[in-house]
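So this one's data-v4.cif, mmCIF, C-alpha atoms:
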data_final
#
loop_
_atom_site.label_atom_id
_atom_site.label_comp_id
_atom_site.auth_asym_id
_atom_site.auth_seq_id
_atom_site.Cartn_x
_atom_site.Cartn_y
_atom_site.Cartn_z
CA MET V 584 -92.58 8.91 0.02
CA SER V 585 -89.05 8.78 -1.35
CA ARG V 586 -90.33 7.38 -4.66
CA GLY V 587 -88.61 9.02 -7.62
CA LEU V 588 -90.51 10.72 -10.38
CA SER V 589 -90.73 8.63 -13.57
CA ILE V 590 -89.97 10.36 -16.88
CA LEU V 591 -93.53 9.79 -18.09
CA GLU V 592 -95.05 11.18 -14.90
CA SER V 593 -92.72 14.16 -15.07
CA GLN V 594 -93.71 14.83 -18.70
CA LEU V 595 -97.42 14.55 -17.90
CA LEU V 596 -97.05 16.99 -15.02
CA ALA V 597 -94.98 19.41 -17.09
CA ARG V 598 -97.66 19.40 -19.80
CA SER V 599 -100.38 19.86 -17.20
CA LEU V 600 -98.52 22.88 -15.82
CA LYS V 601 -97.95 24.20 -19.36
CA VAL V 602 -94.17 23.91 -19.13
CA THR V 603 -93.74 23.75 -22.90
CA ARG V 604 -91.02 24.10 -25.51
CA SER V 605 -91.30 27.88 -25.35
CA THR V 606 -90.53 27.73 -21.60
CA HIS V 607 -87.49 25.54 -22.36
CA LEU V 608 -86.35 27.95 -25.07
CA LEU V 609 -86.82 30.94 -22.78
CA VAL V 610 -84.73 29.36 -20.02
CA ALA V 611 -81.98 28.24 -22.42
CA SER V 612 -81.73 31.59 -24.22
CA VAL V 613 -81.76 33.71 -21.04
CA THR V 614 -79.05 31.50 -19.51
CA ALA V 615 -77.00 31.52 -22.71
CA ALA V 616 -77.17 35.32 -22.99
CA VAL V 617 -76.10 35.90 -19.38
CA ALA V 618 -73.36 33.23 -19.49
CA SER V 619 -71.86 34.38 -22.79
CA SER V 620 -71.65 38.04 -21.85
CA ALA V 621 -70.20 37.21 -18.42
CA THR V 622 -67.61 34.83 -19.87
CA LEU V 623 -66.60 37.42 -22.41
CA ALA V 624 -66.25 40.10 -19.74
CA MET V 625 -64.22 37.77 -17.51
CA GLN V 626 -61.49 37.50 -20.11
CA PHE V 627 -60.76 41.21 -19.95
CA THR V 628 -60.71 41.56 -16.17
CA GLY V 629 -58.52 40.33 -13.35
CA PRO V 630 -59.46 37.75 -10.68
CA LEU V 631 -61.66 40.27 -8.88
CA GLY V 632 -63.62 40.91 -12.05
CA GLU V 633 -64.12 37.17 -12.48
CA ILE V 634 -65.58 36.87 -9.01
CA ALA V 635 -67.77 39.89 -9.69
CA MET V 636 -68.97 38.38 -12.97
CA SER V 637 -69.80 35.07 -11.25
CA ALA V 638 -71.85 37.04 -8.75
CA VAL V 639 -73.62 38.84 -11.60
CA ILE V 640 -74.43 35.50 -13.27
CA PHE V 641 -75.68 34.06 -10.03
CA ALA V 642 -77.88 37.03 -9.18
CA SER V 643 -79.38 37.52 -12.62
CA LEU V 644 -80.11 33.84 -13.24
CA ALA V 645 -81.51 33.22 -9.77
CA LEU V 646 -83.81 36.18 -10.35
CA GLY V 647 -84.69 35.03 -13.88
CA THR V 648 -85.53 31.44 -12.96
CA TRP V 649 -87.38 32.62 -9.87
CA ALA V 650 -89.55 34.80 -12.11
CA ILE V 651 -90.15 31.93 -14.55
CA SER V 652 -91.03 29.38 -11.88
CA SER V 653 -93.22 31.85 -9.96
CA GLU V 654 -95.06 32.56 -13.19
CA ILE V 655 -95.58 28.84 -13.84
CA PHE V 656 -96.79 28.19 -10.30
CA SER V 657 -99.11 31.19 -10.15
CA ARG V 658 -100.76 30.75 -13.54
CA SER V 659 -101.26 27.03 -12.81
CA SER V 660 -102.49 27.35 -9.24
CA GLN V 661 -105.89 25.86 -10.10
CA THR V 662 -104.26 22.99 -12.02
CA ILE V 663 -101.94 22.39 -9.07
CA SER V 664 -104.82 22.08 -6.61
CA ASN V 665 -106.65 19.80 -9.07
CA LEU V 666 -103.60 17.57 -9.34
CA ARG V 667 -103.17 17.53 -5.57
CA SER V 668 -106.79 16.48 -5.14
CA ILE V 669 -105.98 13.25 -7.01
CA GLY V 670 -102.75 12.56 -5.17
CA ALA V 671 -99.92 14.67 -6.66
CA THR V 672 -97.31 15.57 -4.05
CA ARG V 673 -95.66 18.98 -3.79
CA ARG V 674 -92.38 17.22 -4.37
CA SER V 675 -93.43 15.73 -7.71
CA LEU V 676 -94.98 19.01 -8.87
CA SER V 677 -91.84 20.95 -7.92
CA SER V 678 -89.64 18.40 -9.72
CA ALA V 679 -91.76 18.74 -12.85
CA VAL V 680 -90.91 22.46 -12.96
CA LEU V 681 -87.39 22.20 -11.56
CA MET V 682 -86.01 19.51 -13.87
CA PRO V 683 -86.63 21.24 -17.23
CA VAL V 684 -85.33 24.57 -15.87
CA LEU V 685 -82.17 22.84 -14.60
CA VAL V 686 -81.56 20.84 -17.77
CA TYR V 687 -82.21 23.70 -20.19
CA GLY V 688 -80.49 26.20 -17.88
CA LEU V 689 -77.39 24.00 -17.83
CA ALA V 690 -77.45 23.52 -21.60
CA GLY V 691 -77.94 27.26 -22.13
CA SER V 692 -75.11 28.23 -19.79
CA ALA V 693 -72.71 25.70 -21.36
CA LEU V 694 -73.52 27.07 -24.80
CA GLY V 695 -73.21 30.65 -23.54
CA ALA V 696 -69.82 29.95 -21.95
CA VAL V 697 -68.50 28.49 -25.22
CA ILE V 698 -69.82 31.48 -27.17
CA GLY V 699 -68.25 33.87 -24.63
CA VAL V 700 -64.86 32.14 -24.88
CA GLY V 701 -65.08 32.21 -28.69
CA LEU V 702 -65.89 35.90 -28.74
CA GLY V 703 -63.11 36.61 -26.22
CA LEU V 704 -60.59 34.77 -28.37
CA ALA V 705 -61.74 36.67 -31.44
CA LEU V 706 -61.30 39.97 -29.59
CA GLY V 707 -57.85 38.99 -28.29
CA GLY V 708 -58.70 38.46 -24.67
CA PHE V 709 -56.99 35.06 -24.35
CA ALA V 710 -55.88 34.44 -20.78
CA GLY V 711 -54.46 30.92 -21.04
CA ALA V 712 -56.22 27.56 -21.46
CA ILE V 713 -56.40 26.70 -17.75
CA VAL V 714 -57.89 30.06 -16.82
CA LEU V 715 -60.42 29.79 -19.62
CA LEU V 716 -61.43 26.31 -18.51
CA LEU V 717 -61.83 27.52 -14.93
CA GLU V 718 -63.95 30.41 -16.15
CA VAL V 719 -66.23 28.09 -18.13
CA VAL V 720 -66.63 25.76 -15.14
CA ALA V 721 -67.33 28.74 -12.84
CA VAL V 722 -69.96 30.09 -15.24
CA ILE V 723 -71.75 26.75 -15.57
CA LEU V 724 -71.60 26.11 -11.84
CA ALA V 725 -72.86 29.57 -10.93
CA SER V 726 -75.71 29.43 -13.42
CA SER V 727 -76.89 25.92 -12.51
CA VAL V 728 -76.85 26.64 -8.77
CA ALA V 729 -78.61 29.94 -9.46
CA SER V 730 -81.30 28.18 -11.56
CA PHE V 731 -81.90 25.69 -8.76
CA VAL V 732 -82.12 28.42 -6.12
CA GLY V 733 -84.45 30.50 -8.32
CA VAL V 734 -86.91 27.67 -8.97
CA TYR V 735 -86.72 26.44 -5.39
CA VAL V 736 -87.49 29.86 -3.91
CA GLY V 737 -90.25 30.44 -6.51
CA GLY V 738 -91.80 27.07 -5.66
CA ARG V 739 -91.58 27.62 -1.90
CA ALA V 740 -93.37 30.95 -2.24
CA ALA V 741 -96.08 29.31 -4.34
CA TRP V 742 -96.70 26.56 -1.75
CA ARG V 743 -97.03 29.08 1.05
CA SER V 744 -99.64 31.14 -0.80
CA MET J 715 -105.60 -4.59 35.03
CA ALA J 716 -102.98 -4.23 32.34
CA GLN J 717 -104.51 -7.24 30.58
CA LEU J 718 -107.94 -5.68 30.66
CA SER J 719 -106.56 -2.50 29.23
CA ALA J 720 -104.91 -4.49 26.41
CA LEU J 721 -108.22 -6.23 25.73
CA GLN J 722 -110.04 -2.94 25.73
CA GLN J 723 -107.50 -1.53 23.32
CA ALA J 724 -107.90 -4.55 21.02
CA ALA J 725 -111.69 -4.16 21.14
CA MET J 726 -111.40 -0.49 20.31
CA GLN J 727 -109.03 -1.30 17.47
CA ALA J 728 -111.42 -3.92 16.08
CA ASN J 729 -114.24 -1.43 16.32
CA GLN J 730 -112.19 1.18 14.48
CA ASN J 731 -111.42 -1.31 11.71
CA ARG J 732 -115.13 -1.49 10.92
CA PHE J 733 -115.24 2.14 9.88
CA ALA J 734 -114.30 3.66 6.55
CA VAL J 735 -114.74 7.18 7.90
CA GLU J 736 -114.91 8.37 11.49
CA VAL J 737 -115.90 11.94 12.14
CA ARG J 738 -114.99 12.96 15.69
CA HIS J 739 -116.54 16.15 17.04
CA VAL J 740 -115.80 18.13 13.92
CA LYS J 741 -116.37 21.84 13.86
CA LYS J 742 -116.07 23.81 10.66
CA ALA J 743 -116.28 27.57 10.42
CA TYR J 744 -115.27 30.08 7.78
CA GLY J 745 -114.28 33.74 7.95
CA PRO J 746 -111.34 35.47 9.65
CA ASN J 747 -112.83 34.99 13.11
CA GLY J 748 -114.76 31.85 12.30
CA GLU J 749 -118.06 33.73 12.34
CA THR J 750 -119.72 31.59 9.63
CA GLU J 751 -120.19 28.24 11.31
CA VAL J 752 -121.08 25.37 8.97
CA TYR J 753 -120.85 22.50 11.45
CA SER J 754 -120.66 22.92 15.20
CA ASP J 755 -120.22 19.31 16.40
CA LEU J 756 -120.33 16.68 13.71
CA HIS J 757 -119.88 13.19 15.11
CA PHE J 758 -120.65 10.00 13.22
CA GLN J 759 -119.10 6.97 11.52
CA LEU J 760 -119.48 5.40 8.11
CA LEU J 761 -119.15 1.64 8.11
CA LYS J 762 -116.92 0.02 5.52
CA GLY J 763 -118.93 -1.05 2.50
CA THR J 764 -121.82 1.28 3.13
CA PHE J 765 -123.53 3.53 0.59
CA VAL J 766 -124.55 6.85 2.09
CA ALA J 767 -126.26 9.76 0.37
CA LEU J 768 -126.01 13.26 1.79
CA VAL J 769 -128.90 15.55 0.92
CA GLY J 770 -129.73 19.11 1.85
CA PRO J 771 -130.30 22.57 0.44
CA ILE J 772 -127.72 24.34 -1.69
CA GLY J 773 -125.14 26.10 0.46
CA SER J 774 -125.73 23.87 3.49
CA GLY J 775 -122.16 22.54 3.53
CA LYS J 776 -122.49 19.22 1.70
CA THR J 777 -119.43 19.82 -0.49
CA THR J 778 -117.52 21.07 2.55
CA MET J 779 -118.17 17.75 4.30
CA LEU J 780 -117.07 15.81 1.23
CA ASN J 781 -113.92 17.90 0.89
CA MET J 782 -113.09 17.35 4.56
CA PHE J 783 -113.38 13.57 4.07
CA ALA J 784 -111.01 13.86 1.10
CA GLY J 785 -108.59 15.97 3.15
CA LEU J 786 -108.97 18.90 0.74
CA ASP J 787 -110.45 21.05 3.48
CA LYS J 788 -109.44 20.93 7.15
CA PRO J 789 -111.92 21.03 10.02
CA THR J 790 -111.60 24.00 12.38
CA ALA J 791 -111.60 21.52 15.28
CA GLY J 792 -111.99 17.78 15.73
CA ASN J 793 -110.59 14.82 13.82
CA ILE J 794 -111.47 12.79 10.75
CA LEU J 795 -110.20 9.24 10.41
CA VAL J 796 -110.27 7.62 6.99
CA MET J 797 -109.62 3.87 6.97
CA GLY J 798 -108.26 4.23 10.50
CA GLN J 799 -105.81 7.03 9.63
CA ASP J 800 -106.26 10.50 11.08
CA ILE J 801 -106.09 12.67 7.96
CA THR J 802 -106.34 15.90 9.96
CA GLN J 803 -102.87 15.20 11.39
CA MET J 804 -101.15 14.23 8.13
CA GLU J 805 -98.42 16.22 6.36
CA PRO J 806 -99.57 17.56 2.95
CA ASP J 807 -97.48 15.15 0.85
CA SER J 808 -98.36 12.08 2.96
CA LEU J 809 -102.00 13.08 2.68
CA ALA J 810 -101.73 13.44 -1.11
CA THR J 811 -100.25 9.96 -1.47
CA PHE J 812 -102.79 8.50 0.98
CA ARG J 813 -105.57 10.14 -1.04
CA ALA J 814 -104.24 8.68 -4.32
CA ARG J 815 -104.42 5.16 -2.87
CA THR J 816 -107.50 5.36 -0.68
CA ILE J 817 -110.01 7.84 -2.04
CA GLY J 818 -111.62 8.17 -5.45
CA LEU J 819 -113.03 11.66 -5.75
CA VAL J 820 -115.59 12.84 -8.30
CA PRO J 821 -115.97 16.57 -7.66
CA GLN J 822 -118.88 18.61 -8.95
CA VAL J 823 -116.60 21.17 -10.58
CA GLN J 824 -114.48 19.65 -13.33
CA THR J 825 -110.88 19.13 -12.25
CA LEU J 826 -109.62 17.30 -15.32
CA ILE J 827 -106.50 18.65 -17.02
CA PRO J 828 -107.65 20.11 -20.36
CA GLU J 829 -104.21 19.80 -22.01
CA LEU J 830 -104.08 16.03 -21.52
CA THR J 831 -106.00 13.25 -23.27
CA VAL J 832 -108.73 11.19 -21.64
CA TYR J 833 -106.27 8.29 -21.21
CA GLU J 834 -103.62 10.49 -19.60
CA ASN J 835 -106.11 12.12 -17.24
CA VAL J 836 -107.44 8.80 -16.02
CA GLU J 837 -103.91 7.44 -15.67
CA LEU J 838 -102.62 10.27 -13.45
CA PRO J 839 -103.72 8.81 -10.07
CA LEU J 840 -101.93 5.55 -10.95
CA HIS J 841 -98.70 7.50 -11.45
CA PHE J 842 -99.21 9.34 -8.17
CA ALA J 843 -99.79 6.06 -6.35
CA GLY J 844 -96.56 4.64 -7.84
CA VAL J 845 -98.23 1.79 -9.74
CA PRO J 846 -95.85 -0.08 -12.11
CA ARG J 847 -96.38 0.16 -15.89
CA GLU J 848 -97.91 -3.29 -16.59
CA GLU J 849 -100.37 -2.90 -13.75
CA ARG J 850 -101.22 0.60 -14.93
CA GLN J 851 -102.09 -0.68 -18.39
CA ARG J 852 -104.26 -3.45 -16.94
CA SER J 853 -106.15 -1.06 -14.67
CA MET J 854 -106.60 1.44 -17.49
CA GLU J 855 -108.09 -1.13 -19.87
CA GLN J 856 -110.49 -2.35 -17.20
CA VAL J 857 -111.73 1.05 -16.11
CA LEU J 858 -112.12 2.52 -19.62
CA GLU J 859 -114.15 -0.54 -20.57
CA ARG J 860 -116.32 -0.44 -17.45
CA VAL J 861 -117.15 3.26 -17.73
CA GLY J 862 -117.64 2.93 -21.48
CA ILE J 863 -115.17 5.58 -22.63
CA ARG J 864 -112.57 3.35 -24.32
CA GLY J 865 -113.44 4.91 -27.70
CA GLU J 866 -112.69 8.39 -26.36
CA SER J 867 -109.33 7.59 -24.76
CA GLY J 868 -107.24 9.45 -27.37
CA ARG J 869 -109.32 12.62 -27.30
CA THR J 870 -108.11 15.76 -25.59
CA VAL J 871 -110.31 16.60 -22.60
CA SER J 872 -111.00 20.13 -23.84
CA THR J 873 -112.95 18.64 -26.78
CA LEU J 874 -115.38 16.67 -24.58
CA SER J 875 -118.92 17.58 -23.57
CA VAL J 876 -119.75 18.27 -19.91
CA GLY J 877 -121.32 14.81 -19.52
CA GLU J 878 -118.36 13.09 -21.15
CA LYS J 879 -116.00 14.95 -18.83
CA GLN J 880 -118.01 13.73 -15.87
CA MET J 881 -117.62 10.14 -17.08
CA VAL J 882 -113.84 10.63 -17.42
CA SER J 883 -113.79 12.07 -13.92
CA PHE J 884 -115.66 9.01 -12.73
CA ALA J 885 -113.18 6.66 -14.45
CA ARG J 886 -110.32 8.59 -12.86
CA ALA J 887 -111.87 8.09 -9.42
CA LEU J 888 -112.21 4.33 -9.95
CA VAL J 889 -108.88 3.60 -11.62
CA ASN J 890 -106.86 3.05 -8.43
CA ASN J 891 -109.48 0.68 -7.09
CA PRO J 892 -109.89 2.81 -3.95
CA PRO J 893 -111.84 1.46 -0.96
CA ILE J 894 -113.77 4.75 -0.70
CA ILE J 895 -115.47 6.79 -3.40
CA LEU J 896 -116.68 10.33 -2.75
CA LEU J 897 -119.00 11.90 -5.30
CA ASP J 898 -120.39 15.42 -5.41
CA GLU J 899 -123.69 15.56 -7.32
CA PRO J 900 -122.50 12.89 -9.77
CA THR J 901 -125.60 12.71 -11.96
CA GLU J 902 -126.27 16.43 -12.30
CA ALA J 903 -124.45 16.96 -15.61
CA LEU J 904 -125.39 13.58 -17.08
CA ASP J 905 -128.05 12.57 -19.58
CA PRO J 906 -130.39 9.73 -18.51
CA LEU J 907 -128.31 7.05 -20.24
CA MET J 908 -125.04 8.17 -18.68
CA SER J 909 -126.77 8.44 -15.30
CA GLN J 910 -127.89 4.84 -15.61
CA VAL J 911 -124.32 3.74 -16.35
CA VAL J 912 -122.98 5.63 -13.30
CA LEU J 913 -125.74 4.39 -10.98
CA GLY J 914 -125.21 0.82 -12.20
CA LEU J 915 -121.47 1.06 -11.58
CA LEU J 916 -121.98 2.52 -8.11
CA ARG J 917 -124.43 -0.20 -7.17
CA GLY J 918 -122.14 -2.91 -8.59
CA ASP J 919 -119.06 -1.55 -6.86
CA ASN J 920 -120.87 -1.26 -3.57
CA MET J 921 -122.61 -4.66 -3.68
CA THR J 922 -119.91 -6.87 -5.18
CA LEU J 923 -116.65 -5.08 -4.41
CA GLY J 924 -117.74 -3.69 -1.04
CA ARG J 925 -116.57 -0.19 -1.86
CA THR J 926 -117.71 2.52 0.55
CA ILE J 927 -119.66 5.18 -1.29
CA PHE J 928 -120.48 8.63 0.01
CA VAL J 929 -122.41 10.87 -2.31
CA THR J 930 -123.99 14.32 -2.13
CA THR J 931 -127.07 14.54 -4.31
CA HIS J 932 -130.44 16.00 -5.14
CA ASP J 933 -131.28 13.04 -7.35
CA ARG J 934 -133.99 10.73 -6.08
CA ARG J 935 -132.54 7.80 -8.05
CA VAL J 936 -129.31 8.10 -6.06
CA THR J 937 -131.01 8.28 -2.67
CA ASP J 938 -133.14 5.26 -3.62
CA LEU J 939 -129.95 3.34 -4.23
CA ALA J 940 -128.26 4.39 -0.98
CA ARG J 941 -128.52 2.31 2.18
CA ARG J 942 -128.65 5.38 4.35
CA THR J 943 -129.50 9.02 3.73
CA LEU J 944 -128.07 11.84 5.83
CA ARG J 945 -129.86 15.15 5.71
CA VAL J 946 -128.22 18.52 6.35
CA LYS J 947 -131.00 20.76 7.52
CA LYS J 948 -129.51 24.01 8.52
CA LYS J 949 -128.81 26.56 5.85
CA ILE J 950 -125.85 28.87 6.35
CA PRO J 951 -127.16 32.41 6.96
#
Spell out the structure here as structure tokens.
Amino acid sequence: MSRGLSILESQLLARSLKVTRSTHLLVASVTAAVASSATLAMQFTGPLGEIAMSAVIFASLALGTWAISSEIFSRSSQTISNLRSIGATRRSLSSAVLMPVLVYGLAGSALGAVIGVGLGLALGGFAGAIVLLLEVVAVILASSVASFVGVYVGGRAAWRS
Amino acid sequence: MAQLSALQQAAMQANQNRFAVEVRHVKKAYGPNGETEVYSDLHFQLLKGTFVALVGPIGSGKTTMLNMFAGLDKPTAGNILVMGQDITQMEPDSLATFRARTIGLVPQVQTLIPELTVYENVELPLHFAGVPREERQRSMEQVLERVGIRGESGRTVSTLSVGEKQMVSFARALVNNPPIILLDEPTEALDPLMSQVVLGLLRGDNMTLGRTIFVTTHDRRVTDLARRTLRVKKKIP
């Protein structure tokens, strides 16, 4: 039961569940928008503001990815039961939704953090290289954990229904 | 005394190994308080390698029985053992994997994935059963050839006719070489030629490969082929 999901199997499942390029784009752009604005804001606030911004990132992305994954699971509920009738496990179906959201969420947040730092520098909010680096890491970490939590909670709710 | 008990256990085990499906005092009821009772005490066994047809009026619970054998529907009470394993006690993911390896299901309602091609649809159960790539390719070539849909393998399922979809569904049920095949009205959507292909495959699989076949049907040609016919008499009110 601990068998990993092959890339081909994961792609087939993602296509079956209609997790398409537009889903990837949606996840990446939402993450990038949240991450860039939060990174920008961080550069003009003290340590407390940075913590607050991380919390904002976490909350908004967890909510966003929860909404996306819930939508995928609910619109594909018939497909999911069809796939389960021929042997798909909940684990493999969850991974098929979770992996793209994580990968594109991570890419989006990294891009957003870089944009935020760039904008901050342009607006004169430079706070030192180390602090900037820490901010970028915090943003990426907060958004990737949030994406995971969002999809996980969305998936759990779908399996219970 | 202990020896006798061990012998008895061995005899029971040997007896159990003869059965593909064992239905033990199964009760099935629907509704919030279980007021619509479909089966009150179902108790029988299907021997390995048998070919059983289940007939009865529409709405008498034939599909329910088939779904319970496949673990898609749980009995209200009682147990169902498939190839010696109690599927009523299995966790959902263990049951899904067990189903991928043990049961080929051809449901009456189409459950193919319209976004995928014929090839991809038929290949799915092999992925779920964790079959390596080379073996997957071998199984795919064999089954597409046998069912006669090799020429359609690149087509998207949404472009197929109802009969063609049924044939793909049939190929998907056979691809993992499962010991048990469950079919729900398999010939209903098929033209006479396709029906002949399906009936020939079922007969061949049952006679030469010893596959256990359980089929719900209204088709006389199917019941003629079966070794045993079960009849559900009662109609749900």
- Message: Taking only C-alpha atoms into account, find every residue of chain J that has an atom no more than 7 Å from chain V, and write it out as JSON, numbers by chain.
- Response: {"J": [786, 807, 810, 811, 813, 814, 825, 827, 829, 830, 839, 841, 842]}
Using C-alpha atoms, can you export the residues from the last selection as a PDB file, in the coordinates of the input?
ATOM      1  CA  LEU J 786    -108.970  18.900   0.740  1.00  0.00           C
ATOM      2  CA  ASP J 807     -97.480  15.150   0.850  1.00  0.00           C
ATOM      3  CA  ALA J 810    -101.730  13.440  -1.110  1.00  0.00           C
ATOM      4  CA  THR J 811    -100.250   9.960  -1.470  1.00  0.00           C
ATOM      5  CA  ARG J 813    -105.570  10.140  -1.040  1.00  0.00           C
ATOM      6  CA  ALA J 814    -104.240   8.680  -4.320  1.00  0.00           C
ATOM      7  CA  THR J 825    -110.880  19.130 -12.250  1.00  0.00           C
ATOM      8  CA  ILE J 827    -106.500  18.650 -17.020  1.00  0.00           C
ATOM      9  CA  GLU J 829    -104.210  19.800 -22.010  1.00  0.00           C
ATOM     10  CA  LEU J 830    -104.080  16.030 -21.520  1.00  0.00           C
ATOM     11  CA  PRO J 839    -103.720   8.810 -10.070  1.00  0.00           C
ATOM     12  CA  HIS J 841     -98.700   7.500 -11.450  1.00  0.00           C
ATOM     13  CA  PHE J 842     -99.210   9.340  -8.170  1.00  0.00           C
TER      14      PHE J 842
END
- Atom-to-atom span, atom CA of J:Arg917 and atom CA of J:Glu855, Å: 20.7 Å
- Task: List the residues matched by the PyMOL selection byres ((chain V and resi 649-652) around 12) in the displayed structure as a VMD selection string, ordered by chain and then by residue number.
- Result: chain V and resid 597 600 to 602 605 to 611 613 641 to 648 653 to 660 676 to 685 688 729 to 742
Could you save the residues just selected, with C-alpha atoms, as a CSV table (one decimal), in the coordinates of the input?
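Ended up saving to out_23.csv:
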chain,number,residue,atom,x,y,z
V,597,ALA,CA,-95.0,19.4,-17.1
V,600,LEU,CA,-98.5,22.9,-15.8
V,601,LYS,CA,-98.0,24.2,-19.4
V,602,VAL,CA,-94.2,23.9,-19.1
V,605,SER,CA,-91.3,27.9,-25.4
V,606,THR,CA,-90.5,27.7,-21.6
V,607,HIS,CA,-87.5,25.5,-22.4
V,608,LEU,CA,-86.4,28.0,-25.1
V,609,LEU,CA,-86.8,30.9,-22.8
V,610,VAL,CA,-84.7,29.4,-20.0
V,611,ALA,CA,-82.0,28.2,-22.4
V,613,VAL,CA,-81.8,33.7,-21.0
V,641,PHE,CA,-75.7,34.1,-10.0
V,642,ALA,CA,-77.9,37.0,-9.2
V,643,SER,CA,-79.4,37.5,-12.6
V,644,LEU,CA,-80.1,33.8,-13.2
V,645,ALA,CA,-81.5,33.2,-9.8
V,646,LEU,CA,-83.8,36.2,-10.4
V,647,GLY,CA,-84.7,35.0,-13.9
V,648,THR,CA,-85.5,31.4,-13.0
V,653,SER,CA,-93.2,31.8,-10.0
V,654,GLU,CA,-95.1,32.6,-13.2
V,655,ILE,CA,-95.6,28.8,-13.8
V,656,PHE,CA,-96.8,28.2,-10.3
V,657,SER,CA,-99.1,31.2,-10.2
V,658,ARG,CA,-100.8,30.8,-13.5
V,659,SER,CA,-101.3,27.0,-12.8
V,660,SER,CA,-102.5,27.4,-9.2
V,676,LEU,CA,-95.0,19.0,-8.9
V,677,SER,CA,-91.8,21.0,-7.9
V,678,SER,CA,-89.6,18.4,-9.7
V,679,ALA,CA,-91.8,18.7,-12.8
V,680,VAL,CA,-90.9,22.5,-13.0
V,681,LEU,CA,-87.4,22.2,-11.6
V,682,MET,CA,-86.0,19.5,-13.9
V,683,PRO,CA,-86.6,21.2,-17.2
V,684,VAL,CA,-85.3,24.6,-15.9
V,685,LEU,CA,-82.2,22.8,-14.6
V,688,GLY,CA,-80.5,26.2,-17.9
V,729,ALA,CA,-78.6,29.9,-9.5
V,730,SER,CA,-81.3,28.2,-11.6
V,731,PHE,CA,-81.9,25.7,-8.8
V,732,VAL,CA,-82.1,28.4,-6.1
V,733,GLY,CA,-84.4,30.5,-8.3
V,734,VAL,CA,-86.9,27.7,-9.0
V,735,TYR,CA,-86.7,26.4,-5.4
V,736,VAL,CA,-87.5,29.9,-3.9
V,737,GLY,CA,-90.2,30.4,-6.5
V,738,GLY,CA,-91.8,27.1,-5.7
V,739,ARG,CA,-91.6,27.6,-1.9
V,740,ALA,CA,-93.4,31.0,-2.2
V,741,ALA,CA,-96.1,29.3,-4.3
V,742,TRP,CA,-96.7,26.6,-1.8
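Against this structure, the PyMOL selection byres ((chain J and resi 760) around 6) ends up with Phe733, Ala734, Val735, Gln759 and Leu761 of chain J.
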- Task: Tell me which protein, DNA and RNA residues are within 9 Å of stretch 621-635 of chain V, counting only C-alpha atoms, leaving out same-chain ones fewer than 4 positions away, and put them as number ranges by chain.
- Result: V: 616-617, 639-640, 695-704, 708-710, 714-715, 718-719, 722
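Residue neighbourhood of J:Val911, excluding near-sequence residues (fewer than 3 positions): J:Glu859, J:Arg860, J:Val861, J:Gly862, J:Ile863, J:Gly877, J:Gln880, J:Met881, J:Phe884, J:Ala885, J:Pro900, J:Thr901, J:Leu904, J:Asp905, J:Pro906, J:Leu907, J:Met908, J:Gly914, J:Leu915, J:Leu916, J:Arg917, J:Gly918, at 12 Å, using all atoms listed in the file.
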Selection result for the PyMOL selection byres ((chain V and resi 689) around 9) on this file, as a PDB file with C-alpha atoms, keeping the file's coordinate frame:
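File written: result_15.pdb
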ATOM      1  CA  ALA V 611     -81.980  28.240 -22.420  1.00  0.00           C
ATOM      2  CA  THR V 614     -79.050  31.500 -19.510  1.00  0.00           C
ATOM      3  CA  ALA V 615     -77.000  31.520 -22.710  1.00  0.00           C
ATOM      4  CA  VAL V 684     -85.330  24.570 -15.870  1.00  0.00           C
ATOM      5  CA  LEU V 685     -82.170  22.840 -14.600  1.00  0.00           C
ATOM      6  CA  VAL V 686     -81.560  20.840 -17.770  1.00  0.00           C
ATOM      7  CA  TYR V 687     -82.210  23.700 -20.190  1.00  0.00           C
ATOM      8  CA  GLY V 688     -80.490  26.200 -17.880  1.00  0.00           C
ATOM      9  CA  ALA V 690     -77.450  23.520 -21.600  1.00  0.00           C
ATOM     10  CA  GLY V 691     -77.940  27.260 -22.130  1.00  0.00           C
ATOM     11  CA  SER V 692     -75.110  28.230 -19.790  1.00  0.00           C
ATOM     12  CA  ALA V 693     -72.710  25.700 -21.360  1.00  0.00           C
ATOM     13  CA  LEU V 694     -73.520  27.070 -24.800  1.00  0.00           C
ATOM     14  CA  ILE V 723     -71.750  26.750 -15.570  1.00  0.00           C
ATOM     15  CA  LEU V 724     -71.600  26.110 -11.840  1.00  0.00           C
ATOM     16  CA  SER V 726     -75.710  29.430 -13.420  1.00  0.00           C
ATOM     17  CA  SER V 727     -76.890  25.920 -12.510  1.00  0.00           C
ATOM     18  CA  SER V 730     -81.300  28.180 -11.560  1.00  0.00           C
TER      19      SER V 730
END
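Of the residues listed (J:Val845, J:Val832, J:Val766, J:Leu896), J:Val832 shows the shortest atom-to-atom separation from J:Glu878; distances use all atoms listed in the file.
We find atom CA of J:Leu768 and atom CA of J:Asp898 to be spaced 9.4 Å apart.
Counting all atoms listed in the file, J:Ser754 has the following residues at most 8 Å away, ignoring those fewer than 5 positions along the same chain: Val740, Lys741, Lys742 and Ala743 of chain J.
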